[in-house]
Structure formats: structure tokens, C-alpha cells
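Colleague: Got a file for you: model37.cif, mmCIF, C-alpha atoms, pLDDT in the B column; chains and numbers go by the auth columns.
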```
data_start
#
loop_
_atom_site.group_PDB
_atom_site.id
_atom_site.type_symbol
_atom_site.label_atom_id
_atom_site.label_comp_id
_atom_site.label_asym_id
_atom_site.label_seq_id
_atom_site.Cartn_x
_atom_site.Cartn_y
_atom_site.Cartn_z
_atom_site.B_iso_or_equiv
_atom_site.auth_seq_id
_atom_site.auth_asym_id
ATOM 1 C CA MET A 1 23.652 -2.278 -25.829 47.00 6 D
ATOM 2 C CA SER A 2 26.930 -2.168 -23.962 45.00 7 D
ATOM 3 C CA LEU A 3 27.803 -4.426 -21.055 40.00 8 D
ATOM 4 C CA CYS A 4 27.801 -1.383 -18.735 39.00 9 D
ATOM 5 C CA MET A 5 24.188 -0.589 -19.651 38.00 10 D
ATOM 6 C CA VAL A 6 23.113 -4.197 -19.078 37.00 11 D
ATOM 7 C CA LEU A 7 24.806 -4.340 -15.673 36.00 12 D
ATOM 8 C CA LEU A 8 23.343 -0.990 -14.629 37.00 13 D
ATOM 9 C CA THR A 9 19.842 -2.104 -15.636 39.00 14 D
ATOM 10 C CA ALA A 10 20.190 -5.386 -13.752 40.00 15 D
ATOM 11 C CA CYS A 11 21.415 -3.623 -10.628 39.00 16 D
ATOM 12 C CA SER A 12 18.749 -0.912 -10.646 40.00 17 D
ATOM 13 C CA SER A 13 15.888 -3.382 -11.114 41.00 18 D
ATOM 14 C CA SER A 14 16.976 -5.402 -8.077 41.00 19 D
ATOM 15 C CA THR A 15 16.757 -2.438 -5.693 44.00 20 D
ATOM 16 C CA GLU A 16 12.958 -2.613 -5.327 50.00 21 D
ATOM 17 C CA GLN A 17 11.932 -2.450 -1.697 61.00 22 D
ATOM 18 C CA LYS A 18 10.583 -5.661 -0.215 79.00 23 D
ATOM 19 C CA HIS A 19 7.978 -5.356 2.519 88.00 24 D
ATOM 20 C CA ASP A 20 7.306 -7.791 5.346 94.00 25 D
ATOM 21 C CA PHE A 21 3.524 -7.799 4.981 94.00 26 D
ATOM 22 C CA GLU A 22 3.015 -10.282 7.808 95.00 27 D
ATOM 23 C CA LYS A 23 4.739 -7.852 10.190 96.00 28 D
ATOM 24 C CA ILE A 24 2.920 -4.843 8.698 96.00 29 D
ATOM 25 C CA ALA A 25 -0.490 -6.564 8.971 96.00 30 D
ATOM 26 C CA LYS A 26 0.104 -7.395 12.625 97.00 31 D
ATOM 27 C CA ALA A 27 1.295 -3.852 13.376 97.00 32 D
ATOM 28 C CA CYS A 28 -1.724 -2.409 11.525 97.00 33 D
ATOM 29 C CA GLU A 29 -4.169 -4.375 13.650 97.00 34 D
ATOM 30 C CA GLU A 30 -2.259 -3.654 16.864 97.00 35 D
ATOM 31 C CA LYS A 31 -2.492 0.060 16.018 96.00 36 D
ATOM 32 C CA GLY A 32 -6.275 -0.272 15.617 96.00 37 D
ATOM 33 C CA GLY A 33 -6.378 -0.377 11.824 96.00 38 D
ATOM 34 C CA ARG A 34 -8.001 -2.927 9.534 94.00 39 D
ATOM 35 C CA TRP A 35 -5.636 -4.881 7.269 95.00 40 D
ATOM 36 C CA HIS A 36 -6.692 -5.672 3.681 91.00 41 D
ATOM 37 C CA GLU A 37 -4.320 -8.382 2.500 89.00 42 D
ATOM 38 C CA GLU A 38 -5.601 -8.505 -1.076 87.00 43 D
ATOM 39 C CA TRP A 39 -4.553 -4.870 -1.634 86.00 44 D
ATOM 40 C CA SER A 40 -1.654 -4.657 0.878 90.00 45 D
ATOM 41 C CA GLU A 41 -3.211 -1.753 2.709 93.00 46 D
ATOM 42 C CA CYS A 42 -4.228 -0.738 6.199 95.00 47 D
ATOM 43 C CA ALA A 43 -7.383 1.282 6.835 94.00 48 D
ATOM 44 C CA ILE A 44 -5.931 3.687 9.374 94.00 49 D
ATOM 45 C CA ASN A 45 -5.496 7.436 9.843 94.00 50 D
ATOM 46 C CA GLU A 46 -1.968 7.523 11.267 95.00 51 D
ATOM 47 C CA LYS A 47 0.404 9.382 8.924 96.00 52 D
ATOM 48 C CA ASN A 48 3.536 9.004 11.072 96.00 53 D
ATOM 49 C CA TRP A 49 2.940 5.289 11.637 96.00 54 D
ATOM 50 C CA CYS A 50 2.258 4.726 7.952 97.00 55 D
ATOM 51 C CA GLU A 51 5.464 6.438 6.860 96.00 56 D
ATOM 52 C CA GLU A 52 7.531 4.694 9.557 96.00 57 D
ATOM 53 C CA MET A 53 6.259 1.368 8.214 96.00 58 D
ATOM 54 C CA GLY A 54 7.314 2.341 4.672 95.00 59 D
ATOM 55 C CA GLY A 55 3.817 3.024 3.363 96.00 60 D
ATOM 56 C CA GLN A 56 2.095 5.951 1.715 95.00 61 D
ATOM 57 C CA LEU A 57 -0.979 7.568 3.254 96.00 62 D
ATOM 58 C CA ASP A 58 -3.945 8.338 1.009 94.00 63 D
ATOM 59 C CA THR A 59 -6.316 10.595 2.944 93.00 64 D
ATOM 60 C CA CYS A 60 -9.070 10.491 0.344 90.00 65 D
ATOM 61 C CA ALA A 61 -9.258 6.998 -1.109 84.00 66 D
ATOM 62 C CA SER A 62 -12.625 6.208 -2.659 77.00 67 D
ATOM 63 C CA SER A 63 -14.919 3.653 -1.077 72.00 68 D
ATOM 64 C CA CYS A 64 -16.630 3.238 -4.461 69.00 69 D
ATOM 65 C CA SER A 65 -14.833 0.776 -6.710 53.00 70 D
ATOM 66 C CA ALA A 66 -11.521 1.636 -5.069 55.00 71 D
ATOM 67 C CA HIS A 67 -9.821 -1.492 -6.383 59.00 72 D
ATOM 68 C CA GLY A 68 -11.445 -1.897 -9.761 56.00 73 D
ATOM 69 C CA GLU A 69 -14.271 -4.184 -8.759 57.00 74 D
ATOM 70 C CA LYS A 70 -16.820 -4.415 -11.571 58.00 75 D
ATOM 71 C CA ASP A 71 -19.755 -4.107 -9.186 60.00 76 D
ATOM 72 C CA PRO A 72 -18.722 -2.828 -5.748 59.00 77 D
ATOM 73 C CA GLY A 73 -22.355 -2.665 -4.660 66.00 78 D
ATOM 74 C CA PRO A 74 -23.850 0.313 -2.892 71.00 79 D
ATOM 75 C CA CYS A 75 -21.438 2.822 -1.442 72.00 80 D
ATOM 76 C CA ILE A 76 -21.384 6.403 -0.263 74.00 81 D
ATOM 77 C CA LEU A 77 -19.237 9.043 -1.869 76.00 82 D
ATOM 78 C CA LYS A 78 -16.802 9.895 0.910 81.00 83 D
ATOM 79 C CA CYS A 79 -13.076 9.797 1.504 85.00 84 D
ATOM 80 C CA ASN A 80 -11.498 6.843 3.275 86.00 85 D
ATOM 81 C CA THR A 81 -8.009 7.073 4.736 92.00 86 D
ATOM 82 C CA ARG A 82 -5.667 4.195 3.966 93.00 87 D
ATOM 83 C CA CYS A 83 -1.993 3.394 4.167 96.00 88 D
ATOM 84 C CA TYR A 84 -0.738 1.360 1.224 93.00 89 D
ATOM 85 C CA TRP A 85 2.461 -0.264 0.015 92.00 90 D
ATOM 86 C CA LYS A 86 3.631 -0.761 -3.561 82.00 91 D
#
```
Just dump the structure as C-alpha cells.

Modeller:
Amino acid sequence: MSLCMVLLTACSSSTEQKHDFEKIAKACEEKGGRWHEEWSECAINEKNWCEEMGGQLDTCASSCSAHGEKDPGPCILKCNTRCYWK
């Protein structure tokens, strides 16, 4: 592998976006949403706010085993709106 390829790879991997989750969590709650720290997501139905905060809105997230829990317990099959960050 050439030095150019190594440098390009190192530079591109360091451009990942960092999020200030403390600020986002506070803003989520101030906007009336519910912050889920474990999954870095806000239960809120505000597309513009979500995008302004750098998140992605999922308008039909599952309430049943949404985060890979082995036994999520009883749940109803309906869509839940959430804003999440990667």
C-alpha cells in the first residue's frame, strides 16, 4: 500500500461526526421529548428539530425489541417516532 493510500485512509476515518449528547439530551427534553441515553435517541416527532440537531428521524421504529433485547416483555405492534444519532 502506498503512503498516499495510508494517509488518505487515516484522514477519512478521522472525519466522523462527534455529537454533544449532553446538549442533545437537554434540548430533547426541553422540546418535550424523552431522551434514551443508552441508545442515543430522543422519542420525539419533530423532523425539523431532529435534522437541525444532526439526527435522523425514524417515523416507524418498532416498540417490540427495538434494540435487540432478548425479552422486551409485552408490547403492541405500532410505530414509534424517534430521532437517533450514529

Colleague: Tell me which of D:Lys83, D:Lys36, D:Lys28, D:Lys91 sits closest to Ala48 in chain D, counting all atoms listed in the file.

Modeller: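 The closest residue to Ala48 in chain D is D:Lys36.
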
Colleague: Where does the PyMOL selection byres ((chain D and resi 45) around 9) land in this file, that is, which residues does it pick, as a ChimeraX atom specification?

Modeller: /D:26,30,40-44,46-47,88-91

Colleague: On this structure, which residues satisfy the PyMOL selection byres ((chain D and resi 56-64) around 10), written as JSON, numbers by chain?

Modeller: {"D": [22, 23, 24, 25, 28, 29, 32, 33, 45, 46, 47, 48, 49, 50, 51, 52, 53, 54, 55, 65, 66, 67, 84, 85, 86, 87, 88, 89, 90, 91]}
